[in-house]
file protein-v6.pdb (PDB, C-alpha atoms)
ATOM      1  CA  MET U   1       0.000   0.000   0.000
ATOM      2  CA  PRO U   2       2.346   2.763  -1.176
ATOM      3  CA  THR U   3      -0.110   5.521  -0.246
ATOM      4  CA  VAL U   4      -0.173   4.462   3.377
ATOM      5  CA  LEU U   5       3.616   4.075   3.445
ATOM      6  CA  GLU U   6       4.185   7.486   1.896
ATOM      7  CA  GLY U   7       1.599   8.994   4.158
ATOM      8  CA  GLY U   8       3.525   7.776   7.191
ATOM      9  CA  PHE U   9       6.838   9.218   6.042
ATOM     10  CA  GLU U  10       8.319  12.283   7.694
ATOM     11  CA  LEU U  11      11.721  13.706   6.838
ATOM     12  CA  ASP U  12      14.188  13.638   9.717
ATOM     13  CA  ARG U  13      14.483  17.128  11.235
ATOM     14  CA  ARG U  14      18.249  17.282  11.017
ATOM     15  CA  LEU U  15      18.222  16.275   7.342
ATOM     16  CA  GLU U  16      15.561  18.895   6.731
ATOM     17  CA  ALA U  17      17.604  21.594   8.496
ATOM     18  CA  ASP U  18      20.890  20.771   6.723
ATOM     19  CA  THR U  19      19.561  20.391   3.169
ATOM     20  CA  GLU U  20      17.418  22.153   0.557
ATOM     21  CA  PRO U  21      14.797  20.417  -1.619
ATOM     22  CA  LEU U  22      15.665  19.819  -5.293
ATOM     23  CA  PHE U  23      13.445  17.136  -6.872
ATOM     24  CA  TRP U  24      11.039  14.363  -6.162
ATOM     25  CA  LEU U  25      12.151  11.158  -7.889
ATOM     26  CA  GLY U  26      10.131   7.929  -7.990
ATOM     27  CA  LEU U  27      11.362   6.599  -4.657
ATOM     28  CA  CYS U  28      13.533   9.341  -3.200
ATOM     29  CA  GLU U  29      13.362  12.972  -2.370
ATOM     30  CA  MET U  30      16.539  14.526  -3.752
ATOM     31  CA  ARG U  31      17.988  17.338  -1.636
ATOM     32  CA  LEU U  32      21.105  19.507  -1.736
ATOM     33  CA  MET U  33      23.384  19.693   1.301
ATOM     34  CA  ASN U  34      23.737  23.347   2.219
ATOM     35  CA  ASP U  35      27.551  23.258   2.232
ATOM     36  CA  ARG U  36      29.384  25.078  -0.532
ATOM     37  CA  ARG U  37      32.623  23.163   0.056
ATOM     38  CA  TRP U  38      31.372  20.248  -2.059
ATOM     39  CA  PRO U  39      28.437  19.669  -4.452
ATOM     40  CA  TRP U  40      26.646  17.171  -2.219
ATOM     41  CA  ILE U  41      23.296  15.540  -2.885
ATOM     42  CA  ILE U  42      21.210  13.596  -0.391
ATOM     43  CA  LEU U  43      18.658  11.002  -1.513
ATOM     44  CA  VAL U  44      15.981  10.068   0.994
ATOM     45  CA  PRO U  45      13.794   7.058   0.141
ATOM     46  CA  GLN U  46      10.221   7.961   1.114
ATOM     47  CA  ARG U  47       9.717   4.914   3.287
ATOM     48  CA  PRO U  48       9.031   5.207   7.007
ATOM     49  CA  GLY U  49      11.059   3.351   9.617
ATOM     50  CA  ILE U  50      13.903   2.224   7.339
ATOM     51  CA  GLU U  51      17.478   2.547   8.644
ATOM     52  CA  GLU U  52      19.480   0.097   6.532
ATOM     53  CA  LEU U  53      19.669  -0.416   2.751
ATOM     54  CA  HIS U  54      18.906  -4.108   3.183
ATOM     55  CA  GLU U  55      15.648  -3.314   4.994
ATOM     56  CA  LEU U  56      14.161  -1.941   1.750
ATOM     57  CA  THR U  57      12.117  -4.341  -0.379
ATOM     58  CA  PRO U  58      13.988  -5.815  -3.381
ATOM     59  CA  LEU U  59      11.985  -3.530  -5.706
ATOM     60  CA  ASP U  60      12.870  -0.449  -3.657
ATOM     61  CA  GLN U  61      16.524  -1.556  -3.601
ATOM     62  CA  ALA U  62      16.498  -1.712  -7.392
ATOM     63  CA  MET U  63      14.770   1.692  -7.647
ATOM     64  CA  LEU U  64      17.272   3.228  -5.242
ATOM     65  CA  THR U  65      20.202   1.845  -7.255
ATOM     66  CA  PHE U  66      18.712   3.314 -10.417
ATOM     67  CA  GLU U  67      18.079   6.733  -8.857
ATOM     68  CA  THR U  68      21.464   6.836  -7.104
ATOM     69  CA  ASN U  69      23.385   6.041 -10.274
ATOM     70  CA  LEU U  70      21.317   8.491 -12.329
ATOM     71  CA  VAL U  71      22.126  11.264  -9.858
ATOM     72  CA  ALA U  72      25.789  10.231  -9.598
ATOM     73  CA  GLN U  73      26.221  10.272 -13.375
ATOM     74  CA  GLY U  74      24.480  13.653 -13.687
ATOM     75  CA  LEU U  75      26.508  15.154 -10.858
ATOM     76  CA  LYS U  76      29.741  13.943 -12.417
ATOM     77  CA  GLN U  77      28.749  15.426 -15.790
ATOM     78  CA  VAL U  78      27.650  18.788 -14.426
ATOM     79  CA  THR U  79      30.630  19.242 -12.082
ATOM     80  CA  GLY U  80      33.360  17.472 -14.064
ATOM     81  CA  CYS U  81      34.601  16.192 -10.708
ATOM     82  CA  THR U  82      37.470  13.770 -10.123
ATOM     83  CA  LYS U  83      35.460  11.190  -8.176
ATOM     84  CA  ILE U  84      31.932  10.582  -6.980
ATOM     85  CA  ASN U  85      31.591   9.387  -3.393
ATOM     86  CA  VAL U  86      28.426   7.374  -2.651
ATOM     87  CA  ALA U  87      27.575   6.317   0.891
ATOM     88  CA  ALA U  88      24.829   5.243   3.264
ATOM     89  CA  LEU U  89      26.208   5.712   6.780
ATOM     90  CA  GLY U  90      23.530   6.877   9.228
ATOM     91  CA  ASN U  91      25.589   6.762  12.416
ATOM     92  CA  MET U  92      24.138  10.120  13.458
ATOM     93  CA  VAL U  93      20.872  10.454  11.497
ATOM     94  CA  ARG U  94      19.311   6.996  11.427
ATOM     95  CA  GLN U  95      16.669   7.639   8.759
ATOM     96  CA  LEU U  96      18.052   5.968   5.604
ATOM     97  CA  HIS U  97      19.669   8.544   3.320
ATOM     98  CA  ILE U  98      22.280   8.237   0.602
ATOM     99  CA  HIS U  99      25.078  10.729   0.098
ATOM    100  CA  VAL U 100      26.217  11.445  -3.480
ATOM    101  CA  ILE U 101      29.155  13.852  -3.377
ATOM    102  CA  ALA U 102      31.333  15.394  -6.092
ATOM    103  CA  ARG U 103      34.962  15.302  -4.976
ATOM    104  CA  ASN U 104      37.966  16.962  -6.561
ATOM    105  CA  GLU U 105      41.682  16.615  -5.942
ATOM    106  CA  GLY U 106      42.616  19.347  -3.504
ATOM    107  CA  ASP U 107      39.073  20.006  -2.224
ATOM    108  CA  PRO U 108      38.629  20.415   1.572
ATOM    109  CA  GLY U 109      39.658  17.165   3.261
ATOM    110  CA  TRP U 110      40.763  15.441   0.042
ATOM    111  CA  PRO U 111      41.346  12.482  -0.236
ATOM    112  CA  GLY U 112      39.676  11.846   3.133
ATOM    113  CA  PRO U 113      35.918  11.596   3.641
ATOM    114  CA  VAL U 114      33.733  14.723   4.000
ATOM    115  CA  TRP U 115      31.804  13.607   7.086
ATOM    116  CA  GLY U 116      32.988  15.321  10.232
ATOM    117  CA  PHE U 117      35.521  17.420   8.327
ATOM    118  CA  GLY U 118      35.660  21.044   9.523
ATOM    119  CA  GLN U 119      32.606  23.276   9.686
ATOM    120  CA  ARG U 120      29.714  23.482   7.253
ATOM    121  CA  ASP U 121      29.946  26.517   4.957
ATOM    122  CA  PRO U 122      26.399  27.460   3.849
ATOM    123  CA  TYR U 123      25.698  28.868   0.381
ATOM    124  CA  GLY U 124      24.731  32.510  -0.001
ATOM    125  CA  ARG U 125      21.160  33.086  -1.249
ATOM    126  CA  THR U 126      22.132  33.847  -4.874
ATOM    127  CA  GLU U 127      24.705  31.081  -4.956
ATOM    128  CA  MET U 128      22.155  28.573  -3.625
ATOM    129  CA  HIS U 129      19.653  29.637  -6.279
ATOM    130  CA  GLU U 130      22.281  29.262  -9.027
ATOM    131  CA  ILE U 131      23.497  25.810  -8.030
ATOM    132  CA  LYS U 132      19.941  24.531  -7.611
ATOM    133  CA  GLU U 133      19.010  25.779 -11.102
ATOM    134  CA  LYS U 134      22.197  24.286 -12.573
ATOM    135  CA  LEU U 135      21.492  20.900 -10.986
ATOM    136  CA  LYS U 136      17.825  20.982 -11.995
ATOM    137  CA  ARG U 137      18.737  21.690 -15.625
ATOM    138  CA  ALA U 138      21.400  18.975 -15.688
ATOM    139  CA  LEU U 139      19.452  16.272 -13.868
TER     140      LEU U 139
ATOM    141  CA  MET C 140      31.763 -11.430 -23.226
ATOM    142  CA  PRO C 141      32.112 -12.033 -19.470
ATOM    143  CA  THR C 142      35.025 -14.432 -19.913
ATOM    144  CA  VAL C 143      37.115 -11.850 -21.678
ATOM    145  CA  LEU C 144      36.145  -9.181 -19.125
ATOM    146  CA  GLU C 145      36.990 -11.389 -16.173
ATOM    147  CA  GLY C 146      40.205 -12.443 -17.808
ATOM    148  CA  GLY C 147      41.267  -8.797 -18.002
ATOM    149  CA  PHE C 148      40.579  -8.078 -14.342
ATOM    150  CA  GLU C 149      43.394  -7.612 -11.868
ATOM    151  CA  LEU C 150      42.889  -6.688  -8.231
ATOM    152  CA  ASP C 151      44.409  -3.351  -7.256
ATOM    153  CA  ARG C 152      47.666  -3.964  -5.356
ATOM    154  CA  ARG C 153      46.745  -1.796  -2.391
ATOM    155  CA  LEU C 154      43.377  -3.558  -1.983
ATOM    156  CA  GLU C 155      45.189  -6.882  -2.196
ATOM    157  CA  ALA C 156      47.721  -5.834   0.450
ATOM    158  CA  ASP C 157      45.135  -4.449   2.915
ATOM    159  CA  THR C 158      42.562  -7.253   2.687
ATOM    160  CA  GLU C 159      42.212 -11.040   2.905
ATOM    161  CA  PRO C 160      40.116 -13.146   0.520
ATOM    162  CA  LEU C 161      36.820 -14.550   1.841
ATOM    163  CA  PHE C 162      34.456 -15.587  -0.989
ATOM    164  CA  TRP C 163      33.783 -15.319  -4.666
ATOM    165  CA  LEU C 164      30.241 -14.091  -5.294
ATOM    166  CA  GLY C 165      28.597 -13.855  -8.732
ATOM    167  CA  LEU C 166      29.958 -10.407  -9.547
ATOM    168  CA  CYS C 167      32.269  -9.501  -6.689
ATOM    169  CA  GLU C 168      35.207 -10.886  -4.854
ATOM    170  CA  MET C 169      34.436 -10.482  -1.162
ATOM    171  CA  ARG C 170      37.431  -9.659   1.021
ATOM    172  CA  LEU C 171      38.005  -8.828   4.699
ATOM    173  CA  MET C 172      39.852  -5.634   5.634
ATOM    174  CA  ASN C 173      42.750  -6.646   7.861
ATOM    175  CA  ASP C 174      41.830  -4.202  10.625
ATOM    176  CA  ARG C 175      40.503  -5.618  13.885
ATOM    177  CA  ARG C 176      38.985  -2.293  14.973
ATOM    178  CA  TRP C 177      35.870  -2.921  12.859
ATOM    179  CA  PRO C 178      34.410  -5.954  11.009
ATOM    180  CA  TRP C 179      34.903  -4.505   7.525
ATOM    181  CA  ILE C 180      34.164  -6.213   4.237
ATOM    182  CA  ILE C 181      35.267  -5.055   0.796
ATOM    183  CA  LEU C 182      33.384  -6.085  -2.357
ATOM    184  CA  VAL C 183      35.281  -5.774  -5.614
ATOM    185  CA  PRO C 184      33.260  -6.206  -8.831
ATOM    186  CA  GLN C 185      35.361  -8.313 -11.206
ATOM    187  CA  ARG C 186      35.172  -5.808 -14.050
ATOM    188  CA  PRO C 187      38.293  -4.147 -15.424
ATOM    189  CA  GLY C 188      38.597  -0.382 -15.794
ATOM    190  CA  ILE C 189      35.532   0.571 -13.704
ATOM    191  CA  GLU C 190      35.898   3.446 -11.223
ATOM    192  CA  GLU C 191      32.320   4.638 -10.629
ATOM    193  CA  LEU C 192      29.153   2.716  -9.726
ATOM    194  CA  HIS C 193      27.325   4.289 -12.659
ATOM    195  CA  GLU C 194      29.919   2.940 -15.109
ATOM    196  CA  LEU C 195      28.708  -0.616 -14.451
ATOM    197  CA  THR C 196      26.101  -2.017 -16.832
ATOM    198  CA  PRO C 197      22.512  -1.959 -15.490
ATOM    199  CA  LEU C 198      22.687  -5.731 -14.936
ATOM    200  CA  ASP C 199      25.935  -5.434 -12.997
ATOM    201  CA  GLN C 200      24.441  -2.566 -10.962
ATOM    202  CA  ALA C 201      21.524  -4.810 -10.008
ATOM    203  CA  MET C 202      23.875  -7.692  -9.159
ATOM    204  CA  LEU C 203      26.048  -5.424  -7.047
ATOM    205  CA  THR C 204      23.010  -4.125  -5.139
ATOM    206  CA  PHE C 205      21.923  -7.705  -4.460
ATOM    207  CA  GLU C 206      25.377  -8.807  -3.295
ATOM    208  CA  THR C 207      25.968  -5.675  -1.206
ATOM    209  CA  ASN C 208      22.674  -5.995   0.637
ATOM    210  CA  LEU C 209      23.148  -9.733   1.153
ATOM    211  CA  VAL C 210      26.544  -9.085   2.737
ATOM    212  CA  ALA C 211      25.255  -6.120   4.772
ATOM    213  CA  GLN C 212      22.381  -8.157   6.178
ATOM    214  CA  GLY C 213      24.677 -11.087   7.008
ATOM    215  CA  LEU C 214      27.261  -8.829   8.638
ATOM    216  CA  LYS C 215      24.592  -7.159  10.766
ATOM    217  CA  GLN C 216      23.240 -10.549  11.862
ATOM    218  CA  VAL C 217      26.617 -12.056  12.710
ATOM    219  CA  THR C 218      27.960  -8.994  14.546
ATOM    220  CA  GLY C 219      24.738  -7.598  16.056
ATOM    221  CA  CYS C 220      26.151  -4.164  15.249
ATOM    222  CA  THR C 221      24.405  -0.834  15.754
ATOM    223  CA  LYS C 222      24.682   0.349  12.137
ATOM    224  CA  ILE C 223      26.014  -0.841   8.812
ATOM    225  CA  ASN C 224      28.016   1.705   6.810
ATOM    226  CA  VAL C 225      28.026   1.148   3.036
ATOM    227  CA  ALA C 226      30.179   3.277   0.753
ATOM    228  CA  ALA C 227      31.912   3.515  -2.612
ATOM    229  CA  LEU C 228      34.496   6.282  -2.289
ATOM    230  CA  GLY C 229      37.656   5.511  -4.265
ATOM    231  CA  ASN C 230      39.487   8.784  -3.691
ATOM    232  CA  MET C 231      42.706   6.870  -3.036
ATOM    233  CA  VAL C 232      42.205   3.475  -4.702
ATOM    234  CA  ARG C 233      40.348   4.121  -7.958
ATOM    235  CA  GLN C 234      39.365   0.543  -8.778
ATOM    236  CA  LEU C 235      35.654   0.303  -7.874
ATOM    237  CA  HIS C 236      35.212  -1.321  -4.464
ATOM    238  CA  ILE C 237      32.392  -1.171  -1.943
ATOM    239  CA  HIS C 238      32.930  -0.933   1.803
ATOM    240  CA  VAL C 239      30.468  -2.736   4.106
ATOM    241  CA  ILE C 240      31.377  -2.010   7.703
ATOM    242  CA  ALA C 241      29.831  -3.043  11.032
ATOM    243  CA  ARG C 242      29.761  -0.040  13.361
ATOM    244  CA  ASN C 243      28.948   0.086  17.049
ATOM    245  CA  GLU C 244      28.323   2.960  19.424
ATOM    246  CA  GLY C 245      31.644   3.687  21.092
ATOM    247  CA  ASP C 246      33.817   1.927  18.493
ATOM    248  CA  PRO C 247      37.005   3.733  17.335
ATOM    249  CA  GLY C 248      35.969   6.991  15.676
ATOM    250  CA  TRP C 249      32.246   6.571  16.359
ATOM    251  CA  PRO C 250      30.056   8.251  15.067
ATOM    252  CA  GLY C 251      32.550   9.530  12.478
ATOM    253  CA  PRO C 252      33.633   7.588   9.398
ATOM    254  CA  VAL C 253      36.351   4.916   9.574
ATOM    255  CA  TRP C 254      38.392   6.119   6.583
ATOM    256  CA  GLY C 255      41.528   7.943   7.621
ATOM    257  CA  PHE C 256      40.860   7.339  11.317
ATOM    258  CA  GLY C 257      43.986   6.364  13.268
ATOM    259  CA  GLN C 258      46.207   3.461  12.306
ATOM    260  CA  ARG C 259      45.177   0.078  10.963
ATOM    261  CA  ASP C 260      45.352  -2.648  13.626
ATOM    262  CA  PRO C 261      45.928  -5.991  11.861
ATOM    263  CA  TYR C 262      44.395  -9.224  13.189
ATOM    264  CA  GLY C 263      46.623 -11.844  14.782
ATOM    265  CA  ARG C 264      46.901 -15.119  12.830
ATOM    266  CA  THR C 265      44.460 -17.075  15.020
ATOM    267  CA  GLU C 266      42.051 -14.161  15.282
ATOM    268  CA  MET C 267      42.052 -13.736  11.484
ATOM    269  CA  HIS C 268      41.336 -17.432  11.016
ATOM    270  CA  GLU C 269      38.471 -17.271  13.524
ATOM    271  CA  ILE C 270      36.732 -14.214  12.064
ATOM    272  CA  LYS C 271      37.065 -15.570   8.525
ATOM    273  CA  GLU C 272      35.481 -18.860   9.564
ATOM    274  CA  LYS C 273      32.717 -17.054  11.453
ATOM    275  CA  LEU C 274      31.906 -14.869   8.433
ATOM    276  CA  LYS C 275      32.053 -17.829   6.033
ATOM    277  CA  ARG C 276      29.636 -19.828   8.192
ATOM    278  CA  ALA C 277      27.252 -16.862   8.531
ATOM    279  CA  LEU C 278      27.344 -15.683   4.914
TER     280      LEU C 278
END

call {"tool": "encode", "arguments": {"input": "protein-v6.pdb", "output": "structure tokens"}}
result
Amino acid sequence: MPTVLEGGFELDRRLEADTEPLFWLGLCEMRLMNDRRWPWIILVPQRPGIEELHELTPLDQAMLTFETNLVAQGLKQVTGCTKINVAALGNMVRQLHIHVIARNEGDPGWPGPVWGFGQRDPYGRTEMHEIKEKLKRAL
Amino acid sequence: MPTVLEGGFELDRRLEADTEPLFWLGLCEMRLMNDRRWPWIILVPQRPGIEELHELTPLDQAMLTFETNLVAQGLKQVTGCTKINVAALGNMVRQLHIHVIARNEGDPGWPGPVWGFGQRDPYGRTEMHEIKEKLKRAL
């Protein structure tokens, strides 16, 4: 009963505070991390009570793979980055969410991971508008 | 031509040095990171020249999702861990490989990521044998 499932879904408050909405995909809400150090997308499957990838149904797992790789490919094309980092960690925010991050040699923390590195650097209003439009056009 | 593809595959030397073989799955070789701080599995799709998840064929992407989630579920069951961390980063070793790591509250670096945290702590010979057998029985 997808309607019931979707009806019961609420976005984690911390994810909501740290990110800006971009798109609704078939399974996931796609959001932009408000941190100008890296182009960083968050995918949140709209399924309540799920913490681990393997808790999704096989169909949702397949959908998530499709959406993740679509976003990763688009992000690589639009940024021309060195490497895409994809991860589902959830040690702090337990609601299942997938990070898709464009990394470049010499970016903050390179080649280490982004999580826990330094302080978040929010976009300015105009800058946020521009990157959202750029990502929307490309993806 | 899978035979030709598999014939052209060679495991990255750093991955080979840091990990121990566990299983051959349909797509991936499954290896154990030789670091006793965390139960940490590495899946390496046996496809030459692939650096990003989205470079795999759709069939291989589906296979990888299946194998990753199978391993994640098994690792969670056998360790009883708090959270599974799944990631494809590749900033240092470019050959596509997927990390599946059992994390526990209070483990080294918790709740931060494991990559780049402290120094690797290799298993002793007996300990390595025991964890490999335990994982083989469970998975």

call {"tool": "residues_around", "arguments": {"input": "protein-v6.pdb", "residues": "Val114 of chain U", "least_positions_apart": "6", "cutoff": "9 Å", "atoms": "all atoms listed in the file", "output": "JSON, numbers by chain"}}
result
{"U": [38, 101, 108], "C": [252]}

call {"tool": "interface_residues", "arguments": {"input": "protein-v6.pdb", "of": "chain U", "to": "chain C", "cutoff": "10 Å", "atoms": "all atoms listed in the file", "output": "ChimeraX atom specification"}}
result
/U:51-56,58,61-66,68-74,76,82-92,94,98-101,103-105,110-117

call {"tool": "resolve_selection", "arguments": {"input": "protein-v6.pdb", "expression": "the PyMOL selection byres ((chain C and resi 184) around 6)", "output": "list in words"}}
result
Leu166, Cys167, Val183, Gln185 and Arg186 of chain C

call {"tool": "axis_aligned_box", "arguments": {"input": "protein-v6.pdb", "around": "segment 164-171 of chain C", "padding_each_side": "5 Å", "output": "JSON"}}
result
{"center_x": 33.3, "center_y": -11.5, "center_z": -2.4, "size_x": 19.4, "size_y": 15.3, "size_z": 24.2}

call {"tool": "resolve_selection", "arguments": {"input": "protein-v6.pdb", "expression": "the PyMOL selection byres ((chain U and resi 48) around 7)", "output": "ChimeraX atom specification"}}
result
/U:5,8-9,46-47,49-50

call {"tool": "residues_around", "arguments": {"input": "protein-v6.pdb", "residues": "segment 261-268 of chain C", "least_positions_apart": "2", "cutoff": "7 Å", "atoms": "only C-alpha atoms", "output": "list in words"}}
result
Asn173, Asp174, Arg175, Arg259, Ile270, Lys271 and Glu272 of chain C

call {"tool": "write_last_selection", "arguments": {"input": "protein-v6.pdb", "atoms": "C-alpha atoms", "output": "mmCIF file, in the frame of the given file"}}
result
data_model
loop_
_atom_site.group_PDB
_atom_site.id
_atom_site.type_symbol
_atom_site.label_atom_id
_atom_site.label_comp_id
_atom_site.auth_asym_id
_atom_site.auth_seq_id
_atom_site.Cartn_x
_atom_site.Cartn_y
_atom_site.Cartn_z
ATOM 1 C CA ASN C 173 42.750 -6.646 7.861
ATOM 2 C CA ASP C 174 41.830 -4.202 10.625
ATOM 3 C CA ARG C 175 40.503 -5.618 13.885
ATOM 4 C CA ARG C 259 45.177 0.078 10.963
ATOM 5 C CA ILE C 270 36.732 -14.214 12.064
ATOM 6 C CA LYS C 271 37.065 -15.570 8.525
ATOM 7 C CA GLU C 272 35.481 -18.860 9.564
#

call {"tool": "atom_distance", "arguments": {"input": "protein-v6.pdb", "atom1": "atom CA of Trp163 of chain C", "atom2": "atom CA of Cys220 of chain C"}}
result
24.1 Å

call {"tool": "atom_distance", "arguments": {"input": "protein-v6.pdb", "atom1": "atom CA of Ala138 of chain U", "atom2": "atom CA of Thr57 of chain U"}}
result
29.4 Å

call {"tool": "resolve_selection", "arguments": {"input": "protein-v6.pdb", "expression": "the PyMOL selection byres ((chain U and resi 15-22) around 8)", "output": "list in words"}}
result
Leu11, Asp12, Arg13, Arg14, Phe23, Trp24, Glu29, Met30, Arg31, Leu32, Met33, Asn34, Ile42, Val93, Lys132 and Lys136 of chain U

call {"tool": "build_atoms", "arguments": {"input": "protein-v6.pdb", "residues": "segment 74-90 of chain U", "atoms": "N, CA and C atoms", "output": "mmCIF file, in the coordinates of the input"}}
result
data_model
loop_
_atom_site.group_PDB
_atom_site.id
_atom_site.type_symbol
_atom_site.label_atom_id
_atom_site.label_comp_id
_atom_site.auth_asym_id
_atom_site.auth_seq_id
_atom_site.Cartn_x
_atom_site.Cartn_y
_atom_site.Cartn_z
ATOM 1 N N GLY U 74 24.796 12.254 -13.401
ATOM 2 C CA GLY U 74 24.480 13.653 -13.687
ATOM 3 C C GLY U 74 25.390 14.605 -12.937
ATOM 4 N N LEU U 75 25.654 14.288 -11.676
ATOM 5 C CA LEU U 75 26.508 15.154 -10.858
ATOM 6 C C LEU U 75 27.937 15.159 -11.389
ATOM 7 N N LYS U 76 28.385 14.002 -11.853
ATOM 8 C CA LYS U 76 29.741 13.943 -12.417
ATOM 9 C C LYS U 76 29.815 14.774 -13.701
ATOM 10 N N GLN U 77 28.762 14.663 -14.535
ATOM 11 C CA GLN U 77 28.749 15.426 -15.790
ATOM 12 C C GLN U 77 28.710 16.926 -15.530
ATOM 13 N N VAL U 78 27.843 17.351 -14.621
ATOM 14 C CA VAL U 78 27.650 18.788 -14.426
ATOM 15 C C VAL U 78 28.838 19.426 -13.697
ATOM 16 N N THR U 79 29.513 18.661 -12.842
ATOM 17 C CA THR U 79 30.630 19.242 -12.082
ATOM 18 C C THR U 79 31.982 18.944 -12.722
ATOM 19 N N GLY U 80 32.062 17.897 -13.544
ATOM 20 C CA GLY U 80 33.360 17.472 -14.064
ATOM 21 C C GLY U 80 34.329 17.055 -12.969
ATOM 22 N N CYS U 81 33.783 16.499 -11.893
ATOM 23 C CA CYS U 81 34.601 16.192 -10.708
ATOM 24 C C CYS U 81 35.537 15.010 -10.947
ATOM 25 N N THR U 82 36.509 14.873 -10.053
ATOM 26 C CA THR U 82 37.470 13.770 -10.123
ATOM 27 C C THR U 82 36.815 12.440 -9.763
ATOM 28 N N LYS U 83 35.999 12.452 -8.705
ATOM 29 C CA LYS U 83 35.460 11.190 -8.176
ATOM 30 C C LYS U 83 34.127 11.437 -7.484
ATOM 31 N N ILE U 84 33.196 10.551 -7.728
ATOM 32 C CA ILE U 84 31.932 10.582 -6.980
ATOM 33 C C ILE U 84 32.079 9.686 -5.745
ATOM 34 N N ASN U 85 31.655 10.195 -4.612
ATOM 35 C CA ASN U 85 31.591 9.387 -3.393
ATOM 36 C C ASN U 85 30.120 9.078 -3.113
ATOM 37 N N VAL U 86 29.799 7.804 -2.961
ATOM 38 C CA VAL U 86 28.426 7.374 -2.651
ATOM 39 C C VAL U 86 28.458 6.635 -1.318
ATOM 40 N N ALA U 87 27.550 6.994 -0.411
ATOM 41 C CA ALA U 87 27.575 6.317 0.891
ATOM 42 C C ALA U 87 26.228 6.363 1.593
ATOM 43 N N ALA U 88 25.948 5.291 2.320
ATOM 44 C CA ALA U 88 24.829 5.243 3.264
ATOM 45 C C ALA U 88 25.448 4.914 4.620
ATOM 46 N N LEU U 89 25.548 5.901 5.486
ATOM 47 C CA LEU U 89 26.208 5.712 6.780
ATOM 48 C C LEU U 89 25.150 5.693 7.890
ATOM 49 N N GLY U 90 24.639 6.857 8.277
ATOM 50 C CA GLY U 90 23.530 6.877 9.228
ATOM 51 C C GLY U 90 23.922 6.670 10.672
#
